[in-house]
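See below for input_23.cif, which holds mmCIF, C-alpha atoms.
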```
data_my_file
loop_
_atom_site.label_atom_id
_atom_site.label_comp_id
_atom_site.auth_asym_id
_atom_site.auth_seq_id
_atom_site.Cartn_x
_atom_site.Cartn_y
_atom_site.Cartn_z
CA MET A 1 -3.40 19.20 -12.11
CA GLU A 2 -2.41 21.75 -9.50
CA THR A 3 0.69 23.78 -10.20
CA ALA A 4 4.02 22.81 -8.68
CA ARG A 5 4.01 25.84 -6.40
CA SER A 6 0.34 26.25 -5.57
CA SER A 7 0.90 26.61 -1.81
CA ASP A 8 3.65 27.41 0.66
CA ASP A 9 4.06 23.71 1.38
CA ASP A 10 4.81 23.05 -2.28
CA ILE A 11 7.65 25.56 -2.51
CA GLU A 12 11.06 23.93 -2.54
CA PRO A 13 12.75 24.53 0.82
CA THR A 14 15.91 26.56 1.00
CA ALA A 15 17.87 23.38 1.70
CA ALA A 16 18.54 23.26 -2.03
CA ASP A 17 20.65 26.38 -1.66
CA ASP A 18 23.09 24.33 0.43
CA ASP A 19 24.15 22.45 -2.70
CA ALA A 20 26.84 24.94 -3.61
CA ALA A 21 29.56 23.00 -1.78
CA PRO A 22 29.92 19.86 0.32
CA GLY A 23 29.07 20.43 3.94
CA ALA A 24 27.23 23.63 3.12
CA GLY A 25 24.86 23.09 6.01
CA ASP A 26 27.53 24.00 8.57
CA GLY A 27 26.30 26.32 11.25
CA ALA A 28 22.61 25.43 10.90
CA PRO A 29 20.90 25.65 14.29
CA ALA A 30 20.22 22.35 16.02
CA PRO A 31 16.51 21.48 16.08
CA PRO A 32 14.86 22.07 19.46
CA PRO A 33 14.17 18.98 21.58
CA ARG A 34 10.61 17.72 21.63
CA PRO A 35 8.84 17.51 24.97
CA GLY A 36 8.19 14.29 26.91
CA TRP A 37 7.68 11.00 25.13
CA ARG A 38 7.66 12.63 21.69
CA ARG A 39 11.43 12.94 21.73
CA TRP A 40 11.67 9.14 21.56
CA VAL A 41 9.31 8.39 18.68
CA MET A 42 9.74 8.91 14.96
CA ASP A 43 10.27 12.50 13.87
CA THR A 44 7.50 13.22 11.35
CA ARG A 45 8.41 16.85 10.57
CA PRO A 46 9.26 16.06 6.92
CA LEU A 47 5.65 15.01 6.33
CA ARG A 48 4.60 18.64 6.85
CA HIS A 49 6.05 19.36 3.39
CA ARG A 50 3.49 18.33 0.79
CA PRO A 51 5.97 17.32 -1.96
CA PHE A 52 7.89 15.01 0.37
CA ARG A 53 4.62 13.66 1.72
CA ARG A 54 3.65 12.68 -1.82
CA LEU A 55 7.01 11.02 -2.46
CA TRP A 56 6.82 9.17 0.85
CA SER A 57 3.24 8.07 0.22
CA SER A 58 4.26 6.59 -3.13
CA THR A 59 7.03 4.67 -1.35
CA THR A 60 4.52 3.45 1.22
CA ILE A 61 2.24 2.08 -1.49
CA THR A 62 4.94 0.28 -3.45
CA ALA A 63 6.86 -1.07 -0.44
CA ILE A 64 4.44 -3.96 -0.07
CA GLY A 65 3.48 -4.29 -3.75
CA SER A 66 7.08 -4.73 -4.87
CA GLN A 67 7.55 -7.47 -2.30
CA LEU A 68 4.60 -9.36 -3.78
CA THR A 69 6.46 -9.55 -7.08
CA ALA A 70 9.71 -10.35 -5.25
CA VAL A 71 7.98 -13.44 -3.80
CA ALA A 72 5.99 -14.34 -6.90
CA VAL A 73 8.92 -14.50 -9.36
CA PRO A 74 11.05 -17.08 -7.49
CA LYS A 75 7.91 -19.03 -6.57
CA GLN A 76 6.87 -19.24 -10.22
CA ILE A 77 10.37 -20.19 -11.36
CA TYR A 78 10.57 -22.93 -8.74
CA ASP A 79 7.11 -24.20 -9.70
CA ILE A 80 8.23 -24.46 -13.34
CA THR A 81 11.67 -25.99 -12.78
CA GLY A 82 11.57 -27.60 -9.35
CA SER A 83 15.12 -26.28 -8.98
CA SER A 84 16.48 -23.79 -6.45
CA ALA A 85 19.49 -23.34 -8.74
CA TRP A 86 17.26 -21.71 -11.36
CA VAL A 87 15.92 -19.36 -8.69
CA GLY A 88 19.53 -18.33 -8.01
CA TYR A 89 20.26 -17.90 -11.74
CA ALA A 90 17.26 -15.62 -12.06
CA SER A 91 18.43 -13.50 -9.14
CA PHE A 92 21.81 -13.08 -10.80
CA ALA A 93 20.13 -12.22 -14.10
CA GLY A 94 18.49 -9.27 -12.35
CA LEU A 95 21.69 -8.07 -10.67
CA LEU A 96 23.66 -7.04 -13.77
CA PRO A 97 21.01 -4.70 -15.24
CA LEU A 98 20.38 -3.28 -11.76
CA VAL A 99 24.07 -2.38 -11.40
CA VAL A 100 24.48 -1.01 -14.93
CA PHE A 101 21.31 1.05 -14.98
CA ALA A 102 21.71 2.32 -11.41
CA LEU A 103 25.08 3.81 -12.37
CA TRP A 104 23.77 5.22 -15.64
CA GLY A 105 20.51 6.31 -13.98
CA GLY A 106 22.54 8.33 -11.48
CA VAL A 107 24.09 10.26 -14.34
CA VAL A 108 20.72 10.84 -16.01
CA ALA A 109 19.23 11.98 -12.67
CA ASP A 110 21.92 14.70 -12.58
CA ARG A 111 21.23 15.75 -16.18
CA MET A 112 17.45 15.98 -16.42
CA ASP A 113 14.37 16.76 -14.35
CA ARG A 114 14.24 14.07 -11.64
CA ARG A 115 10.47 14.09 -11.53
CA THR A 116 10.36 13.33 -15.28
CA LEU A 117 12.86 10.49 -14.87
CA MET A 118 10.80 9.01 -12.03
CA LEU A 119 7.67 9.17 -14.18
CA ILE A 120 9.35 7.42 -17.13
CA THR A 121 10.92 4.67 -15.03
CA ASN A 122 7.77 4.10 -12.96
CA VAL A 123 5.86 3.57 -16.20
CA GLY A 124 8.49 1.02 -17.22
CA ILE A 125 8.22 -0.83 -13.91
CA ALA A 126 4.41 -0.83 -14.12
CA VAL A 127 4.46 -2.18 -17.68
CA THR A 128 6.79 -5.04 -16.70
CA SER A 129 4.49 -5.87 -13.77
CA LEU A 130 1.56 -6.07 -16.19
CA LEU A 131 3.63 -8.33 -18.46
CA PHE A 132 4.45 -10.52 -15.45
CA TRP A 133 0.72 -10.81 -14.83
CA ALA A 134 -0.02 -11.53 -18.50
CA GLN A 135 2.51 -14.36 -18.83
CA SER A 136 1.37 -15.94 -15.57
CA PHE A 137 -2.31 -15.59 -16.42
CA ALA A 138 -1.69 -17.12 -19.86
CA GLY A 139 0.24 -20.01 -18.33
CA LEU A 140 3.37 -19.58 -20.48
CA ASP A 141 5.57 -21.38 -17.94
CA SER A 142 8.72 -19.96 -19.57
CA VAL A 143 11.73 -19.32 -17.36
CA ALA A 144 13.37 -17.39 -20.20
CA VAL A 145 10.45 -14.94 -20.35
CA LEU A 146 10.53 -14.52 -16.58
CA MET A 147 14.26 -13.81 -16.57
CA VAL A 148 13.95 -11.24 -19.38
CA LEU A 149 11.11 -9.48 -17.58
CA LEU A 150 13.01 -9.56 -14.30
CA ALA A 151 16.10 -8.08 -15.96
CA ALA A 152 13.99 -5.34 -17.55
CA GLN A 153 12.23 -4.49 -14.29
CA GLN A 154 15.50 -4.38 -12.36
CA GLY A 155 16.92 -2.08 -15.03
CA PHE A 156 14.01 0.33 -14.66
CA PHE A 157 14.32 0.15 -10.87
CA GLY A 158 18.03 0.85 -11.13
CA MET A 159 17.31 4.07 -13.05
CA ASN A 160 14.42 5.05 -10.79
CA SER A 161 16.18 4.68 -7.43
CA PRO A 162 18.90 7.37 -7.84
CA ALA A 163 16.34 9.96 -9.00
CA ARG A 164 13.95 9.13 -6.16
CA ASN A 165 16.60 9.20 -3.45
CA ALA A 166 18.39 12.28 -4.79
CA SER A 167 15.09 14.19 -4.78
CA VAL A 168 14.70 14.16 -1.01
CA ALA A 169 17.19 16.97 -0.42
CA ARG A 170 15.14 19.17 -2.77
CA LEU A 171 11.93 18.53 -0.81
CA VAL A 172 12.86 18.99 2.86
CA PRO A 173 15.15 21.38 4.80
CA ALA A 174 18.68 20.19 5.55
CA ASP A 175 18.06 19.68 9.28
CA GLU A 176 15.18 17.29 8.51
CA LEU A 177 17.15 14.96 6.21
CA PRO A 178 17.84 12.33 8.93
CA ALA A 179 14.14 12.25 9.84
CA ALA A 180 13.19 11.93 6.16
CA GLY A 181 15.65 9.06 5.78
CA ALA A 182 14.17 7.31 8.82
CA LEU A 183 10.65 7.66 7.40
CA GLN A 184 11.70 6.24 4.02
CA SER A 185 13.74 3.38 5.47
CA THR A 186 11.07 2.37 7.99
CA VAL A 187 8.47 2.05 5.24
CA ALA A 188 10.83 -0.04 3.11
CA GLN A 189 11.64 -2.39 5.99
CA THR A 190 7.97 -2.72 6.90
CA GLY A 191 7.26 -3.75 3.33
CA MET A 192 9.94 -6.43 3.58
CA ILE A 193 8.06 -7.92 6.54
CA LEU A 194 4.43 -7.51 5.49
CA GLY A 195 4.88 -8.13 1.75
CA PRO A 196 6.08 -11.75 1.99
CA LEU A 197 3.51 -12.51 4.71
CA LEU A 198 0.73 -11.09 2.54
CA ALA A 199 2.02 -12.98 -0.50
CA GLY A 200 1.99 -16.24 1.42
CA ALA A 201 -1.59 -15.61 2.49
CA LEU A 202 -2.84 -14.50 -0.96
CA ILE A 203 -1.27 -17.15 -3.21
CA PRO A 204 -3.57 -20.00 -2.02
CA VAL A 205 -6.64 -17.73 -2.18
CA LEU A 206 -6.18 -15.54 -5.27
CA GLY A 207 -3.41 -17.33 -7.15
CA LEU A 208 0.03 -16.23 -8.30
CA PRO A 209 -1.06 -13.97 -11.23
CA THR A 210 -3.03 -11.72 -8.88
CA LEU A 211 0.12 -10.80 -6.96
CA TYR A 212 1.62 -9.31 -10.12
CA LEU A 213 -1.62 -7.47 -10.84
CA ILE A 214 -1.78 -5.94 -7.34
CA ASP A 215 1.79 -4.68 -7.77
CA ALA A 216 0.88 -3.13 -11.15
CA VAL A 217 -2.14 -1.34 -9.65
CA ALA A 218 -0.01 -0.04 -6.76
CA LEU A 219 2.49 1.33 -9.28
CA CYS A 220 -0.30 3.22 -11.04
CA VAL A 221 -1.12 4.94 -7.75
CA THR A 222 2.58 5.73 -7.38
CA LEU A 223 2.59 7.33 -10.82
CA TRP A 224 -0.19 9.67 -9.73
CA ALA A 225 1.76 10.67 -6.60
CA VAL A 226 4.96 11.32 -8.59
CA TRP A 227 2.98 13.31 -11.19
CA ARG A 228 1.91 15.67 -8.39
CA LEU A 229 5.51 16.40 -7.35
CA PRO A 230 7.11 19.75 -8.28
CA ALA A 231 9.54 19.86 -11.20
CA MET A 232 13.13 19.17 -10.12
CA PRO A 233 15.40 20.25 -13.01
CA PRO A 234 19.19 20.50 -12.57
CA LEU A 235 20.17 23.49 -10.46
CA THR A 236 23.36 24.34 -12.37
CA GLU A 237 23.79 25.45 -15.96
CA GLY A 238 26.51 22.86 -16.52
CA ALA A 239 24.18 20.03 -15.61
CA THR A 240 21.47 21.40 -17.86
CA GLY A 241 23.87 21.79 -20.73
CA GLY A 242 24.85 18.13 -20.41
CA ALA A 243 21.27 16.87 -20.34
CA ARG A 244 21.64 15.01 -23.63
CA ARG A 245 25.05 13.56 -22.82
CA GLY A 246 24.77 11.26 -19.81
CA GLY A 247 27.51 8.90 -20.99
CA TRP A 248 29.81 6.55 -19.14
CA ARG A 249 32.42 9.28 -18.86
CA ASP A 250 29.99 10.92 -16.45
CA VAL A 251 29.80 7.68 -14.47
CA ALA A 252 33.59 7.77 -14.16
CA ASP A 253 33.32 11.41 -13.04
CA GLY A 254 31.06 10.21 -10.24
CA PHE A 255 33.63 7.70 -9.00
CA ARG A 256 36.37 10.33 -9.19
CA TYR A 257 34.14 12.64 -7.16
CA ILE A 258 33.80 9.96 -4.47
CA ALA A 259 37.55 9.36 -4.44
CA THR A 260 38.25 13.06 -3.83
CA HIS A 261 35.61 13.51 -1.11
CA ARG A 262 36.72 11.45 1.87
CA ILE A 263 33.45 11.78 3.77
CA LEU A 264 31.50 10.22 0.92
CA LEU A 265 34.15 7.55 0.37
CA MET A 266 34.12 6.59 4.05
CA SER A 267 30.31 6.32 4.10
CA PHE A 268 30.47 3.83 1.22
CA LEU A 269 33.35 1.89 2.78
CA ALA A 270 31.48 1.60 6.08
CA ASP A 271 28.48 0.09 4.31
CA ILE A 272 30.64 -2.29 2.26
CA ILE A 273 32.42 -3.49 5.42
CA ALA A 274 29.11 -4.03 7.24
CA MET A 275 27.39 -5.89 4.42
CA VAL A 276 30.21 -7.94 2.91
CA PHE A 277 31.71 -9.18 6.19
CA GLY A 278 28.64 -9.03 8.41
CA MET A 279 25.50 -10.09 6.47
CA PRO A 280 25.06 -13.79 7.40
CA ARG A 281 21.76 -14.59 5.64
CA ALA A 282 23.34 -17.28 3.42
CA LEU A 283 23.96 -19.32 6.58
CA PHE A 284 20.43 -19.00 7.98
CA PRO A 285 19.23 -22.30 6.41
CA GLN A 286 22.23 -24.21 7.78
CA LEU A 287 21.82 -22.70 11.25
CA ALA A 288 18.08 -23.41 11.24
CA SER A 289 18.71 -26.99 10.17
CA HIS A 290 21.45 -27.77 12.70
CA THR A 291 22.00 -25.28 15.54
CA TYR A 292 18.34 -24.34 16.05
CA ALA A 293 16.70 -27.58 14.92
CA PRO A 294 15.20 -28.27 18.38
CA TRP A 295 12.88 -25.26 17.89
CA GLY A 296 11.70 -26.55 14.50
CA GLU A 297 13.65 -25.90 11.31
CA GLY A 298 10.90 -23.97 9.48
CA PHE A 299 9.99 -21.91 12.54
CA ALA A 300 13.64 -21.05 13.21
CA LEU A 301 14.31 -20.12 9.59
CA GLY A 302 11.33 -17.76 9.48
CA LEU A 303 12.42 -16.03 12.69
CA LEU A 304 16.00 -15.61 11.49
CA PHE A 305 14.93 -13.96 8.24
CA ALA A 306 12.36 -11.73 9.97
CA ALA A 307 14.53 -10.59 12.89
CA ILE A 308 16.71 -7.97 11.14
CA PRO A 309 13.78 -6.21 9.37
CA LEU A 310 11.77 -6.27 12.61
CA GLY A 311 14.66 -4.65 14.46
CA ALA A 312 15.02 -2.06 11.70
CA VAL A 313 11.32 -1.15 11.90
CA ALA A 314 11.56 -0.83 15.69
CA GLY A 315 14.56 1.44 15.24
CA GLY A 316 12.64 3.54 12.74
CA LEU A 317 9.64 3.92 15.02
CA LEU A 318 11.95 5.10 17.80
CA SER A 319 14.13 7.20 15.49
CA GLY A 320 13.40 10.32 17.52
CA THR A 321 16.17 9.05 19.79
CA PHE A 322 18.82 9.56 17.11
CA SER A 323 17.52 11.40 14.04
CA ARG A 324 18.38 14.83 15.51
CA ALA A 325 22.02 13.94 16.23
CA ARG A 326 24.56 16.31 14.68
CA ARG A 327 27.68 14.09 14.52
CA HIS A 328 26.61 12.11 11.46
CA GLY A 329 29.97 10.46 10.81
CA LEU A 330 30.24 9.31 14.41
CA MET A 331 26.70 7.92 14.25
CA VAL A 332 27.61 5.81 11.19
CA ILE A 333 30.74 4.48 12.91
CA ALA A 334 28.86 3.66 16.12
CA ALA A 335 26.03 1.98 14.20
CA VAL A 336 28.33 -0.20 12.07
CA VAL A 337 30.38 -1.23 15.12
CA ALA A 338 27.13 -2.07 16.93
CA TRP A 339 26.04 -4.11 13.89
CA GLY A 340 29.32 -6.07 14.03
CA VAL A 341 29.03 -6.71 17.77
CA ALA A 342 25.41 -7.84 17.41
CA ILE A 343 26.29 -10.20 14.53
CA THR A 344 29.12 -11.63 16.63
CA GLY A 345 26.65 -12.22 19.46
CA PHE A 346 24.31 -13.93 17.00
CA GLY A 347 27.10 -16.24 15.85
CA LEU A 348 27.90 -17.23 19.43
CA SER A 349 24.25 -17.88 20.39
CA LEU A 350 23.13 -21.46 20.86
CA ASN A 351 19.65 -20.41 21.98
CA LEU A 352 17.26 -19.37 19.19
CA TRP A 353 15.71 -16.52 21.17
CA TRP A 354 19.09 -15.01 21.97
CA ALA A 355 19.98 -15.35 18.30
CA VAL A 356 16.80 -13.51 17.26
CA ALA A 357 17.43 -10.82 19.88
CA PHE A 358 20.96 -10.18 18.56
CA LEU A 359 19.70 -10.06 14.96
CA ALA A 360 16.99 -7.59 15.98
CA LEU A 361 19.63 -5.40 17.63
CA ALA A 362 21.61 -5.64 14.40
CA GLY A 363 18.49 -4.44 12.58
CA VAL A 364 18.26 -1.39 14.86
CA ALA A 365 21.92 -0.61 14.17
CA ASP A 366 21.35 -1.06 10.45
CA MET A 367 18.50 1.46 10.54
CA VAL A 368 20.72 4.04 12.27
CA SER A 369 23.47 3.41 9.73
CA MET A 370 21.05 3.72 6.78
CA VAL A 371 19.63 6.99 8.07
CA PHE A 372 22.96 8.74 8.53
CA ARG A 373 24.71 7.29 5.49
CA GLY A 374 21.77 8.46 3.42
CA THR A 375 21.88 11.88 5.05
CA ILE A 376 25.61 12.21 4.37
CA LEU A 377 25.02 11.43 0.69
CA GLN A 378 22.31 14.08 0.53
CA ALA A 379 24.18 16.78 2.44
CA ALA A 380 27.85 16.27 1.51
CA ALA A 381 27.32 15.98 -2.26
CA THR A 382 26.43 18.87 -4.54
CA ASP A 383 23.07 18.61 -6.30
CA ASP A 384 24.66 17.98 -9.70
CA MET A 385 26.35 14.87 -8.22
CA ARG A 386 23.57 13.54 -5.97
CA GLY A 387 22.10 11.30 -8.65
CA ARG A 388 25.43 9.60 -9.29
CA MET A 389 26.08 9.20 -5.58
CA GLN A 390 22.66 7.56 -5.19
CA GLY A 391 23.40 5.32 -8.17
CA VAL A 392 26.58 4.06 -6.50
CA PHE A 393 24.64 3.72 -3.24
CA THR A 394 22.08 1.50 -5.01
CA VAL A 395 24.86 -0.70 -6.40
CA VAL A 396 26.50 -1.04 -2.96
CA VAL A 397 23.21 -1.88 -1.26
CA ALA A 398 22.30 -4.44 -3.94
CA GLY A 399 25.73 -5.94 -4.49
CA GLY A 400 27.12 -6.07 -0.95
CA PRO A 401 24.72 -8.71 0.41
CA ARG A 402 25.19 -10.86 -2.72
CA ILE A 403 28.97 -10.83 -2.24
CA ALA A 404 28.33 -11.62 1.42
CA ASP A 405 26.25 -14.65 0.41
CA LEU A 406 29.20 -16.03 -1.54
CA LEU A 407 31.75 -15.18 1.18
CA HIS A 408 29.71 -16.53 4.10
CA GLY A 409 28.63 -19.62 2.19
CA THR A 410 32.26 -20.48 1.50
CA ALA A 411 33.45 -19.61 5.03
CA GLY A 412 30.56 -21.56 6.54
CA SER A 413 31.66 -24.68 4.67
CA LEU A 414 35.26 -24.28 5.84
CA LEU A 415 34.84 -23.03 9.41
CA GLY A 416 31.29 -23.96 10.33
CA ALA A 417 28.31 -21.63 10.27
CA ARG A 418 28.57 -20.18 13.79
CA ALA A 419 32.31 -19.56 13.58
CA ALA A 420 31.95 -17.88 10.17
CA VAL A 421 29.20 -15.57 11.45
CA ALA A 422 31.04 -14.62 14.64
CA ALA A 423 34.31 -14.03 12.80
CA GLY A 424 32.55 -11.86 10.23
CA GLY A 425 30.90 -9.72 12.90
CA LEU A 426 34.17 -9.27 14.76
CA LEU A 427 35.89 -8.29 11.51
CA VAL A 428 33.21 -5.64 10.91
CA ALA A 429 33.71 -4.06 14.35
CA VAL A 430 37.52 -4.07 14.17
CA SER A 431 37.67 -2.80 10.58
CA THR A 432 35.24 0.04 11.29
CA LEU A 433 37.13 1.15 14.37
CA GLY A 434 40.29 1.13 12.26
CA LEU A 435 38.53 3.28 9.67
CA ALA A 436 37.50 5.74 12.38
CA VAL A 437 41.08 6.02 13.64
CA ALA A 438 42.55 6.35 10.14
CA VAL A 439 40.13 9.08 9.01
CA PRO A 440 39.33 11.34 11.99
CA ALA A 441 37.53 13.79 9.66
CA PHE A 442 34.81 11.20 9.15
CA ARG A 443 34.05 10.66 12.82
CA ARG A 444 34.01 14.45 13.31
CA TYR A 445 31.80 15.12 10.30
CA THR A 446 28.83 17.40 10.98
CA PRO A 447 26.67 18.72 8.08
#
```
Once more with this new file: its structure as structure tokens, please.
Amino acid sequence: METARSSDDDIEPTAADDDAAPGAGDGAPAPPPRPGWRRWVMDTRPLRHRPFRRLWSSTTITAIGSQLTAVAVPKQIYDITGSSAWVGYASFAGLLPLVVFALWGGVVADRMDRRTLMLITNVGIAVTSLLFWAQSFAGLDSVAVLMVLLAAQQGFFGMNSPARNASVARLVPADELPAAGALQSTVAQTGMILGPLLAGALIPVLGLPTLYLIDAVALCVTLWAVWRLPAMPPLTEGATGGARRGGWRDVADGFRYIATHRILLMSFLADIIAMVFGMPRALFPQLASHTYAPWGEGFALGLLFAAIPLGAVAGGLLSGTFSRARRHGLMVIAAVVAWGVAITGFGLSLNLWWAVAFLALAGVADMVSMVFRGTILQAAATDDMRGRMQGVFTVVVAGGPRIADLLHGTAGSLLGARAAVAAGGLLVAVSTLGLAVAVPAFRRYTP
């Protein structure tokens, strides 16, 4: 194995030195504009750094593989039980360990070498994928086994995600963090589109067990890529000294840190507002069945679910238009307001194609929001807190849409689907503008 610093590209960039205090990147020169059409397309500068390139390549490989398992598990549970309720129970069974271990994993990511933690948790995820394959291949047909494996895999993912996300600021310079976020998010969204399509094509040909096996093989490739990353131990003596602690008191310290850093708090609140009030996916089946039935229920449902990820990918591919912006707080506010307006437009649309267009615009706005919220977490938090911030971020991203499902499902029954969607989108826009007025420091925030 080549050493962690075998070439100039492998040396950690000086961005890590900015960890001494929140907002330590102030005064960094703005990146020069790119000539011609290149200023519009995705900024690929972070890929010049070999360590980040390896991390990104591992994300690229698993983006589709993980979606194969995400399709295979509910399909297998439904095949066994014939009940959508059991599919929902299984999803909830995976949520609790994801939340618990994401919070704890954030603490551990601040207390030990992040590369080591990624290796350990990736091994755990790969082993559970192999066990998924084994139970399916053996024909166990046990929902209990599937739910235990799903809970275990979500727990490992919860611990892996904070370490992976917190590592980015150690691998690229501070001015390239938005571009790195756009690269990561675009790959993830592409996987959400291609993975289910590939799963649907492969199940009739290769069978359900093969999907689990493909995911396990992809995870082995990911392990190799993570193995080649440089070591990323804690930068401060205090974090090193607490390497064996990592208790729930440290989790509480993370929440106190958020409460005392308004920029971080506002970035989380903006995401919670957008997802809880403005994610209408629970109403897609009802809208496809009633409002858009003339276009074909199945066709309409597929378009509704695909529209937001497609818009997000388009936004990522054109991220050169925004990834070099300096007013990160203002970009988050503008993106979340745009998301709310687009969701309101979707709720008011009687025509399927207008509905898809508004959802795609919402996807573009979501990509912009993801990029700059992620950048704020990387730049405004000290390195010894980045893991915990990413752990909370994972919980918000995972939990927000699930709360939205409950809220929109209830509101849809009381108000009607279109009214519930439009009201939720309007509430997002108004609440976010109120947040911007109440906390001017957030809209003025520049790293």
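Straight-line separation from CA of Phe101 in chain A to CA of Gly158 in chain A: 5.1 Å.
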message: Taking (16.9, -6.2, 12.8) in the coordinates of the supplied file, I want to know which residues reach to within 6 Å of it, counting only C-alpha atoms; could you give the answer as a PyMOL selection string?
response: chain A and resi 307-312+359-364
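From CA of Ile214 in chain A back to CA of Leu202 in chain A, the distance works out to 10.7 Å.
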Would you kindly translate the PyMOL selection byres ((chain A and resi 42) around 8) into the concrete residues it picks from this file, as a PDB file with C-alpha atoms, in the coordinates of the input?
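New file selection.pdb:
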```
ATOM      1  CA  ARG A  38       7.660  12.630  21.690  1.00  0.00           C
ATOM      2  CA  TRP A  40      11.670   9.140  21.560  1.00  0.00           C
ATOM      3  CA  VAL A  41       9.310   8.390  18.680  1.00  0.00           C
ATOM      4  CA  ASP A  43      10.270  12.500  13.870  1.00  0.00           C
ATOM      5  CA  THR A  44       7.500  13.220  11.350  1.00  0.00           C
ATOM      6  CA  ALA A 179      14.140  12.250   9.840  1.00  0.00           C
ATOM      7  CA  ALA A 182      14.170   7.310   8.820  1.00  0.00           C
ATOM      8  CA  LEU A 183      10.650   7.660   7.400  1.00  0.00           C
ATOM      9  CA  GLY A 316      12.640   3.540  12.740  1.00  0.00           C
ATOM     10  CA  LEU A 317       9.640   3.920  15.020  1.00  0.00           C
ATOM     11  CA  LEU A 318      11.950   5.100  17.800  1.00  0.00           C
ATOM     12  CA  SER A 319      14.130   7.200  15.490  1.00  0.00           C
ATOM     13  CA  GLY A 320      13.400  10.320  17.520  1.00  0.00           C
TER      14      GLY A 320
END
```
* To do: Kindly resolve the PyMOL selection byres ((chain A and resi 215-219) around 10) on the present coordinates and return the residues as a ChimeraX atom specification.
  => /A:58-69,122-133,210-214,220-225
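All residues of protein, DNA or RNA that reach within 7 Å of range 436-446 of chain A, judged by all atoms listed in the file and not counting those fewer than 6 positions away in the chain, are Ile263, Met266, Arg326, Arg327, His328, Gly329, Leu330 and Ile333 of chain A.
For Asp271 in chain A, the non-local neighbours within 8 Å, defined as residues at least 5 positions apart in the same chain or in other chains and counting all atoms listed in the file, are Val336, Val396 and Val397 of chain A.
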Could you list, with a cut-off of 7 Å and counting all atoms listed in the file, the residues of range 315-357 of chain A near range 278-302 of chain A, each shown with its nearest atom pair and the distance in Å rounded to one decimal, rows sorted by chain and ascending number, as a tab-separated table?
```
residue	atom	partner	partner_atom	distance
A:Gly340	CA	A:Gly278	CA	6.4
A:Ile343	CA	A:Gly278	CA	6.7
A:Leu350	CA	A:Thr291	CA	6.6
A:Leu352	CA	A:Tyr292	CA	6.0
```
Atoms kept (C-alpha atoms) for selection, written as a PDB file, keeping the file's coordinate frame:
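The file below, result18.pdb, is the result:
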```
ATOM      1  CA  GLY A 340      29.320  -6.070  14.030  1.00  0.00           C
ATOM      2  CA  ILE A 343      26.290 -10.200  14.530  1.00  0.00           C
ATOM      3  CA  LEU A 350      23.130 -21.460  20.860  1.00  0.00           C
ATOM      4  CA  LEU A 352      17.260 -19.370  19.190  1.00  0.00           C
TER       5      LEU A 352
END
```
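Computed from the coordinates, the CA of Met331 in chain A to CA of Phe52 in chain A distance equals 24.4 Å.
Picked out by the PyMOL selection byres ((chain A and resi 394) around 8) when it runs on this file: Val99, Ala102, Gly158, Ser161, Pro162, Gln390, Gly391, Val392, Phe393, Val395, Val396, Val397 and Ala398 of chain A.
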Could those residues be written to a file, using C-alpha atoms, as a PDB file, in the frame of the given file?
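Output file out.pdb is given in full below:
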```pdb
ATOM      1  CA  VAL A  99      24.070  -2.380 -11.400  1.00  0.00           C
ATOM      2  CA  ALA A 102      21.710   2.320 -11.410  1.00  0.00           C
ATOM      3  CA  GLY A 158      18.030   0.850 -11.130  1.00  0.00           C
ATOM      4  CA  SER A 161      16.180   4.680  -7.430  1.00  0.00           C
ATOM      5  CA  PRO A 162      18.900   7.370  -7.840  1.00  0.00           C
ATOM      6  CA  GLN A 390      22.660   7.560  -5.190  1.00  0.00           C
ATOM      7  CA  GLY A 391      23.400   5.320  -8.170  1.00  0.00           C
ATOM      8  CA  VAL A 392      26.580   4.060  -6.500  1.00  0.00           C
ATOM      9  CA  PHE A 393      24.640   3.720  -3.240  1.00  0.00           C
ATOM     10  CA  VAL A 395      24.860  -0.700  -6.400  1.00  0.00           C
ATOM     11  CA  VAL A 396      26.500  -1.040  -2.960  1.00  0.00           C
ATOM     12  CA  VAL A 397      23.210  -1.880  -1.260  1.00  0.00           C
ATOM     13  CA  ALA A 398      22.300  -4.440  -3.940  1.00  0.00           C
TER      14      ALA A 398
END
```
